[in-house]
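Asker: If it helps, the file is called work-v1.txt and holds compact mmCIF, N, CA and C atoms and all ligand atoms:
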# COMPACT_ATOMS: atom_id res chain seq x y z
N MET A 978 177.07 44.22 149.61
CA MET A 978 176.14 44.42 150.71
C MET A 978 176.80 45.32 151.75
N ARG A 979 176.05 46.28 152.25
CA ARG A 979 176.61 47.18 153.25
C ARG A 979 176.78 46.47 154.58
N ALA A 980 177.73 46.96 155.37
CA ALA A 980 178.05 46.29 156.64
C ALA A 980 176.86 46.26 157.58
N GLY A 981 176.04 47.33 157.60
CA GLY A 981 174.88 47.36 158.49
C GLY A 981 173.88 46.28 158.16
N ARG A 982 173.64 46.09 156.87
CA ARG A 982 172.69 45.06 156.44
C ARG A 982 173.22 43.66 156.76
N ARG A 983 174.51 43.46 156.51
CA ARG A 983 175.13 42.17 156.80
C ARG A 983 175.05 41.88 158.30
N HIS A 984 175.29 42.91 159.11
CA HIS A 984 175.22 42.75 160.56
C HIS A 984 173.80 42.39 160.99
N ARG A 985 172.79 43.08 160.44
CA ARG A 985 171.40 42.78 160.80
C ARG A 985 171.04 41.34 160.40
N ARG A 986 171.48 40.91 159.24
CA ARG A 986 171.20 39.53 158.81
C ARG A 986 171.85 38.52 159.75
N ALA A 987 173.08 38.81 160.15
CA ALA A 987 173.77 37.90 161.07
C ALA A 987 173.03 37.83 162.40
N LEU A 988 172.57 38.99 162.88
CA LEU A 988 171.81 39.01 164.14
C LEU A 988 170.52 38.22 164.00
N GLU A 989 169.82 38.40 162.88
CA GLU A 989 168.56 37.69 162.66
C GLU A 989 168.82 36.18 162.58
N ARG A 990 169.87 35.78 161.87
CA ARG A 990 170.20 34.36 161.76
C ARG A 990 170.50 33.79 163.15
N HIS A 991 171.24 34.53 163.94
CA HIS A 991 171.56 34.07 165.30
C HIS A 991 170.30 33.96 166.15
N ARG A 992 169.39 34.94 166.00
CA ARG A 992 168.14 34.92 166.77
C ARG A 992 167.31 33.68 166.40
N VAL A 993 167.21 33.39 165.09
CA VAL A 993 166.44 32.23 164.64
C VAL A 993 167.10 30.94 165.15
N GLN A 994 168.40 30.85 165.06
CA GLN A 994 169.11 29.65 165.52
C GLN A 994 168.91 29.45 167.02
N THR A 995 168.92 30.52 167.78
CA THR A 995 168.71 30.44 169.23
C THR A 995 167.30 29.95 169.53
N LEU A 996 166.30 30.53 168.84
CA LEU A 996 164.91 30.11 169.05
C LEU A 996 164.71 28.65 168.67
N MET A 997 165.31 28.22 167.57
CA MET A 997 165.14 26.84 167.13
C MET A 997 165.85 25.87 168.07
N ALA A 998 167.00 26.24 168.58
CA ALA A 998 167.70 25.39 169.55
C ALA A 998 166.87 25.24 170.81
N GLU A 999 166.26 26.34 171.25
CA GLU A 999 165.38 26.30 172.40
C GLU A 999 164.16 25.41 172.11
N ALA A 1000 163.61 25.55 170.92
CA ALA A 1000 162.45 24.73 170.53
C ALA A 1000 162.81 23.25 170.54
N ASP A 1001 164.01 22.92 170.06
CA ASP A 1001 164.42 21.51 170.00
C ASP A 1001 164.45 20.88 171.39
N GLU A 1002 164.64 21.68 172.42
CA GLU A 1002 164.70 21.17 173.80
C GLU A 1002 163.33 21.18 174.48
N SER A 1003 162.31 21.68 173.78
CA SER A 1003 160.98 21.83 174.37
C SER A 1003 160.04 20.76 173.85
N PRO A 1004 159.05 20.37 174.67
CA PRO A 1004 158.07 19.38 174.20
C PRO A 1004 157.17 19.98 173.12
N ALA A 1005 156.70 19.12 172.22
CA ALA A 1005 155.79 19.55 171.16
C ALA A 1005 154.35 19.42 171.63
N GLU A 1006 153.58 20.46 171.40
CA GLU A 1006 152.17 20.43 171.77
C GLU A 1006 151.33 20.85 170.56
N LEU A 1007 150.38 20.00 170.20
CA LEU A 1007 149.45 20.35 169.11
C LEU A 1007 148.46 21.36 169.67
N VAL A 1008 148.47 22.56 169.11
CA VAL A 1008 147.66 23.66 169.63
C VAL A 1008 146.32 23.74 168.92
N ALA A 1009 146.33 23.53 167.61
CA ALA A 1009 145.09 23.68 166.85
C ALA A 1009 145.22 23.00 165.50
N VAL A 1010 144.08 22.69 164.92
CA VAL A 1010 144.01 22.23 163.53
C VAL A 1010 143.10 23.22 162.81
N THR A 1011 143.61 23.81 161.75
CA THR A 1011 142.83 24.84 161.05
C THR A 1011 141.75 24.20 160.20
N GLU A 1012 140.84 25.01 159.73
CA GLU A 1012 139.75 24.50 158.88
C GLU A 1012 140.27 23.83 157.62
N ASP A 1013 141.41 24.33 157.12
CA ASP A 1013 141.97 23.71 155.93
C ASP A 1013 143.01 22.64 156.28
N LYS A 1014 142.92 22.12 157.51
CA LYS A 1014 143.65 20.92 157.95
C LYS A 1014 145.14 21.12 158.20
N TYR A 1015 145.56 22.36 158.39
CA TYR A 1015 146.95 22.56 158.83
C TYR A 1015 146.98 22.38 160.34
N GLU A 1016 148.08 21.82 160.82
CA GLU A 1016 148.26 21.63 162.26
C GLU A 1016 149.20 22.71 162.78
N ILE A 1017 148.85 23.31 163.89
CA ILE A 1017 149.69 24.32 164.52
C ILE A 1017 150.27 23.71 165.79
N TRP A 1018 151.58 23.56 165.79
CA TRP A 1018 152.30 22.98 166.92
C TRP A 1018 153.10 24.08 167.61
N GLN A 1019 153.26 23.93 168.92
CA GLN A 1019 154.06 24.87 169.70
C GLN A 1019 155.21 24.11 170.34
N LYS A 1020 156.41 24.65 170.18
CA LYS A 1020 157.60 24.12 170.88
C LYS A 1020 158.37 25.32 171.39
N GLY A 1021 158.46 25.46 172.69
CA GLY A 1021 159.11 26.65 173.23
C GLY A 1021 158.36 27.89 172.75
N ARG A 1022 159.09 28.84 172.21
CA ARG A 1022 158.46 30.07 171.72
C ARG A 1022 158.19 30.02 170.22
N VAL A 1023 158.33 28.83 169.64
CA VAL A 1023 158.19 28.70 168.19
C VAL A 1023 156.89 27.96 167.85
N ALA A 1024 156.14 28.50 166.90
CA ALA A 1024 154.96 27.83 166.38
C ALA A 1024 155.32 27.23 165.02
N PHE A 1025 154.90 26.01 164.82
CA PHE A 1025 155.13 25.32 163.55
C PHE A 1025 153.77 25.11 162.90
N VAL A 1026 153.62 25.55 161.67
CA VAL A 1026 152.39 25.32 160.91
C VAL A 1026 152.72 24.25 159.87
N LEU A 1027 152.12 23.08 160.07
CA LEU A 1027 152.49 21.92 159.26
C LEU A 1027 151.26 21.33 158.59
N PRO A 1028 151.41 20.81 157.39
CA PRO A 1028 150.24 20.23 156.72
C PRO A 1028 149.77 18.97 157.45
N GLY A 1029 148.46 18.83 157.56
CA GLY A 1029 147.89 17.62 158.12
C GLY A 1029 147.88 16.53 157.06
N THR A 1030 147.52 15.32 157.48
CA THR A 1030 147.47 14.19 156.55
C THR A 1030 146.03 13.97 156.10
N PRO A 1031 145.78 13.95 154.80
CA PRO A 1031 144.42 13.65 154.34
C PRO A 1031 144.00 12.29 154.87
N PRO A 1032 142.80 12.18 155.45
CA PRO A 1032 142.40 10.94 156.11
C PRO A 1032 142.37 9.73 155.18
N ASN A 1033 142.15 9.94 153.91
CA ASN A 1033 142.07 8.81 152.97
C ASN A 1033 143.35 8.61 152.17
N ALA A 1034 144.44 9.25 152.59
CA ALA A 1034 145.70 9.15 151.84
C ALA A 1034 146.31 7.76 151.97
N PRO A 1035 146.97 7.29 150.91
CA PRO A 1035 147.63 5.98 150.98
C PRO A 1035 148.89 6.06 151.85
N ASP A 1036 149.42 4.89 152.19
CA ASP A 1036 150.56 4.81 153.10
C ASP A 1036 151.75 5.65 152.65
N ALA A 1037 152.03 5.67 151.34
CA ALA A 1037 153.21 6.41 150.86
C ALA A 1037 153.07 7.90 151.15
N VAL A 1038 151.88 8.43 150.99
CA VAL A 1038 151.66 9.85 151.28
C VAL A 1038 151.70 10.08 152.79
N ARG A 1039 151.05 9.19 153.52
CA ARG A 1039 151.01 9.34 154.99
C ARG A 1039 152.42 9.28 155.58
N SER A 1040 153.21 8.33 155.13
CA SER A 1040 154.56 8.19 155.71
C SER A 1040 155.44 9.39 155.34
N GLY A 1041 155.26 9.91 154.14
CA GLY A 1041 156.03 11.09 153.73
C GLY A 1041 155.68 12.31 154.57
N ILE A 1042 154.41 12.54 154.76
CA ILE A 1042 153.98 13.69 155.56
C ILE A 1042 154.40 13.50 157.02
N ALA A 1043 154.28 12.27 157.53
CA ALA A 1043 154.68 11.99 158.92
C ALA A 1043 156.18 12.21 159.11
N ALA A 1044 156.98 11.77 158.14
CA ALA A 1044 158.44 11.95 158.24
C ALA A 1044 158.81 13.43 158.18
N ARG A 1045 158.10 14.16 157.35
CA ARG A 1045 158.37 15.60 157.22
C ARG A 1045 157.99 16.34 158.51
N LYS A 1046 156.86 15.96 159.08
CA LYS A 1046 156.41 16.58 160.34
C LYS A 1046 157.40 16.27 161.46
N ALA A 1047 157.82 15.01 161.54
CA ALA A 1047 158.78 14.62 162.58
C ALA A 1047 160.07 15.40 162.44
N ALA A 1048 160.55 15.56 161.21
CA ALA A 1048 161.79 16.31 160.98
C ALA A 1048 161.63 17.76 161.42
N ALA A 1049 160.50 18.35 161.05
CA ALA A 1049 160.27 19.76 161.40
C ALA A 1049 160.26 19.95 162.91
N LEU A 1050 159.61 19.03 163.62
CA LEU A 1050 159.47 19.19 165.07
C LEU A 1050 160.73 18.79 165.83
N ARG A 1051 161.52 17.87 165.29
CA ARG A 1051 162.75 17.43 165.97
C ARG A 1051 163.96 18.26 165.57
N GLY A 1052 163.91 18.87 164.39
CA GLY A 1052 165.05 19.64 163.91
C GLY A 1052 166.02 18.82 163.09
N ARG A 1053 165.71 17.56 162.89
CA ARG A 1053 166.56 16.69 162.07
C ARG A 1053 165.69 15.55 161.53
N CYS A 1054 166.17 14.98 160.45
CA CYS A 1054 165.43 13.89 159.80
C CYS A 1054 166.26 12.61 159.90
N ASP A 1055 165.60 11.47 159.79
CA ASP A 1055 166.31 10.20 159.81
C ASP A 1055 167.32 10.10 158.66
N CYS A 1056 167.11 10.84 157.56
CA CYS A 1056 168.05 10.79 156.43
C CYS A 1056 169.30 11.61 156.70
N GLY A 1057 169.32 12.34 157.81
CA GLY A 1057 170.49 13.15 158.15
C GLY A 1057 170.29 14.64 157.91
N ALA A 1058 169.19 15.02 157.26
CA ALA A 1058 168.94 16.44 157.00
C ALA A 1058 168.71 17.18 158.32
N THR A 1059 169.23 18.39 158.38
CA THR A 1059 169.00 19.26 159.53
C THR A 1059 168.45 20.58 159.02
N ARG A 1060 167.94 21.36 159.94
CA ARG A 1060 167.37 22.65 159.56
C ARG A 1060 168.44 23.56 158.97
N ASP A 1061 168.06 24.22 157.90
CA ASP A 1061 168.92 25.26 157.32
C ASP A 1061 168.28 26.59 157.68
N THR A 1062 168.95 27.35 158.53
CA THR A 1062 168.42 28.65 158.94
C THR A 1062 169.24 29.77 158.32
N HIS A 1063 169.91 29.45 157.20
CA HIS A 1063 170.82 30.42 156.61
C HIS A 1063 170.10 31.63 156.03
N ARG A 1064 168.95 31.39 155.41
CA ARG A 1064 168.22 32.51 154.80
C ARG A 1064 167.28 33.12 155.81
N PRO A 1065 167.41 34.43 156.06
CA PRO A 1065 166.54 35.08 157.04
C PRO A 1065 165.06 34.88 156.68
N GLY A 1066 164.27 34.56 157.69
CA GLY A 1066 162.84 34.42 157.47
C GLY A 1066 162.44 33.07 156.94
N ARG A 1067 163.40 32.18 156.69
CA ARG A 1067 163.07 30.86 156.15
C ARG A 1067 163.79 29.78 156.92
N VAL A 1068 163.12 28.70 157.15
CA VAL A 1068 163.75 27.51 157.73
C VAL A 1068 163.43 26.38 156.77
N ALA A 1069 164.46 25.67 156.32
CA ALA A 1069 164.23 24.64 155.31
C ALA A 1069 165.07 23.41 155.63
N PHE A 1070 164.67 22.29 155.05
CA PHE A 1070 165.43 21.05 155.13
C PHE A 1070 165.82 20.66 153.71
N VAL A 1071 166.97 20.09 153.56
CA VAL A 1071 167.35 19.50 152.28
C VAL A 1071 167.51 18.00 152.55
N HIS A 1072 166.44 17.25 152.22
CA HIS A 1072 166.43 15.81 152.48
C HIS A 1072 167.22 15.07 151.41
N GLU A 1073 167.68 13.90 151.77
CA GLU A 1073 168.29 13.02 150.77
C GLU A 1073 167.23 12.66 149.73
N TYR A 1074 167.66 12.39 148.52
CA TYR A 1074 166.73 12.17 147.42
C TYR A 1074 165.74 11.03 147.73
N GLU A 1075 166.23 9.96 148.35
CA GLU A 1075 165.37 8.80 148.59
C GLU A 1075 164.58 8.90 149.91
N CYS A 1076 164.75 9.99 150.64
CA CYS A 1076 164.04 10.16 151.92
C CYS A 1076 162.54 10.31 151.66
N PRO A 1077 161.68 9.61 152.43
CA PRO A 1077 160.23 9.74 152.23
C PRO A 1077 159.72 11.16 152.50
N ALA A 1078 160.51 11.97 153.22
CA ALA A 1078 160.10 13.35 153.52
C ALA A 1078 160.52 14.33 152.43
N SER A 1079 161.27 13.86 151.44
CA SER A 1079 161.75 14.77 150.39
C SER A 1079 160.60 15.25 149.51
N ASP A 1080 160.78 16.42 148.93
CA ASP A 1080 159.76 16.94 148.00
C ASP A 1080 159.48 15.92 146.90
N GLN A 1081 160.54 15.34 146.33
CA GLN A 1081 160.37 14.40 145.23
C GLN A 1081 159.50 13.21 145.63
N ALA A 1082 159.79 12.64 146.82
CA ALA A 1082 159.06 11.45 147.27
C ALA A 1082 157.60 11.78 147.54
N ILE A 1083 157.35 12.90 148.19
CA ILE A 1083 155.96 13.25 148.53
C ILE A 1083 155.18 13.60 147.26
N VAL A 1084 155.80 14.35 146.36
CA VAL A 1084 155.11 14.70 145.11
C VAL A 1084 154.83 13.43 144.29
N ALA A 1085 155.79 12.52 144.22
CA ALA A 1085 155.58 11.28 143.46
C ALA A 1085 154.47 10.44 144.08
N ALA A 1086 154.47 10.32 145.41
CA ALA A 1086 153.42 9.55 146.09
C ALA A 1086 152.05 10.21 145.90
N TRP A 1087 152.04 11.54 145.99
CA TRP A 1087 150.79 12.28 145.83
C TRP A 1087 150.26 12.12 144.41
N ASP A 1088 151.15 12.28 143.42
CA ASP A 1088 150.73 12.16 142.02
C ASP A 1088 150.23 10.75 141.71
N ALA A 1089 150.90 9.73 142.26
CA ALA A 1089 150.47 8.35 142.01
C ALA A 1089 149.09 8.11 142.63
N TRP A 1090 148.89 8.68 143.82
CA TRP A 1090 147.58 8.57 144.49
C TRP A 1090 146.50 9.21 143.63
N LYS A 1091 146.77 10.44 143.18
CA LYS A 1091 145.75 11.17 142.42
C LYS A 1091 145.52 10.56 141.03
N ALA A 1092 146.54 9.87 140.51
CA ALA A 1092 146.40 9.22 139.20
C ALA A 1092 145.74 7.85 139.34
N GLY A 1093 145.60 7.40 140.59
CA GLY A 1093 144.96 6.12 140.83
C GLY A 1093 145.85 4.93 140.54
N THR A 1094 147.17 5.15 140.58
CA THR A 1094 148.09 4.03 140.31
C THR A 1094 148.66 3.47 141.59
ZN ZN B 1 164.84 13.35 155.29
Is it possible to give me this structure as structure tokens?
Answerer:
Amino acid sequence: MRAGRRHRRALERHRVQTLMAEADESPAELVAVTEDKYEIWQKGRVAFVLPGTPPNAPDAVRSGIAARKAAALRGRCDCGATRDTHRPGRVAFVHEYECPASDQAIVAAWDAWKAGT
């Protein structure tokens, strides 16, 4: 990788980390709910687009989505996961396997719901 590109990536990573740190210190405000049920939250200068909870979802799905939303808005999860801002343009969490906010837990809860089990 050329030095210029590496420098730009480092600057972008720093900019994202600064914005997210500022967001973590700001109150969360629900700005809108889209027609397809996504929630748009504002914290500082950052907008978070998060999936809403289907109104008829079972507790396992609801708690998983709620835990994921809380992690996104707080910047950390009860399982210890924190935001990974390493990749430019992406912010991600790596939850513990048993965390209700993990991909595995939400997909399993969702699949069980849809299978009627
Ligand atoms: Zn977690």
Asker: Produce a table with one row for each residue of chain A that has an atom at most 8 Å from any atom of ligand ZN 1 (chain B), each row naming the nearest atom pair and its distance in Å at one decimal; use all atoms listed in the file; arrange rows by chain and rising residue number; format as CSV.
Answerer:
residue,atom,partner,partner_atom,distance
A:Ala1044,C,B:ZN1,ZN,6.7
A:Arg1045,N,B:ZN1,ZN,7.1
A:Ala1048,CA,B:ZN1,ZN,7.1
A:Arg1053,C,B:ZN1,ZN,6.7
A:Cys1054,CA,B:ZN1,ZN,4.6
A:Asp1055,N,B:ZN1,ZN,4.9
A:Cys1056,N,B:ZN1,ZN,4.1
A:Gly1057,N,B:ZN1,ZN,5.2
A:Ala1058,N,B:ZN1,ZN,5.1
A:Thr1059,N,B:ZN1,ZN,7.4
A:Phe1070,C,B:ZN1,ZN,7.5
A:Val1071,C,B:ZN1,ZN,6.0
A:His1072,CA,B:ZN1,ZN,4.1
A:Glu1073,N,B:ZN1,ZN,4.6
A:Tyr1074,N,B:ZN1,ZN,7.4
A:Glu1075,C,B:ZN1,ZN,7.0
A:Cys1076,CA,B:ZN1,ZN,4.7
A:Pro1077,N,B:ZN1,ZN,5.7
A:Ala1078,N,B:ZN1,ZN,5.0
A:Ser1079,N,B:ZN1,ZN,5.3
Asker: Using all atoms listed in the file, can you tell me which of A:Ile1042, A:Gly1052, A:Gly981, A:Thr995 comes closest to A:Pro1028?
Answerer: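 The answer is A:Ile1042, which sits nearest to A:Pro1028.
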Asker: Could you pull out the residues in chain A that DSSP calls helix (DSSP H, G or I) from the backbone, as an MDAnalysis selection string?
Answerer: chainID A and resid 980:1001 1036:1051 1080:1092
Asker: Can you list, as a list in words, all residues belonging to stretch 978-1052 of chain A that DSSP tags as strand (DSSP E)?
Answerer: Glu1006, Leu1007, Val1008, Ala1009, Val1010, Tyr1015, Glu1016, Ile1017, Trp1018, Gln1019, Lys1020, Val1023, Ala1024, Phe1025, Val1026, Leu1027 and Pro1028 of chain A
Asker: Of the residues A:Arg985, A:Thr1062, A:Gly1041, A:Gln1019, which is the one nearest to A:Ser1003, using only N, CA and C atoms?
Answerer: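 Nearest candidate to A:Ser1003 out of A:Arg985, A:Thr1062, A:Gly1041, A:Gln1019: A:Gln1019.
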Asker: Suppose you want the space between atom C of A:Gly1029 and atom C of A:Ala1049; what is it in Å?
Answerer: 14.1 Å
Asker: Quick one: everything within 10 Å of A:Pro1004, counting only C-alpha atoms, minus sequence neighbours fewer than 2 positions away in the same chain. Send it as a PyMOL selection string.
Answerer: chain A and resi 1000-1002+1006+1018-1021+1050-1051
Asker: Do a neighbour search on A:Ala1037 at 8 Å with only N, CA and C atoms, toss out local chain neighbours closer than 5 positions, and write the hits as a ChimeraX atom specification.
Answerer: /A:1042-1043,1077,1082-1083,1085-1087
Asker: Tell me, in Å to one decimal, how far atom CA of A:Pro1032 is from atom C of A:Thr1011.
Answerer: 13.9 Å
Asker: So, counting only C-alpha atoms, which residue among A:Val1068, A:Leu1027, A:Val1038, A:Leu988 is closest to A:Lys1091?
Answerer: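 Among A:Val1068, A:Leu1027, A:Val1038, A:Leu988, it is A:Val1038 that comes nearest to A:Lys1091.
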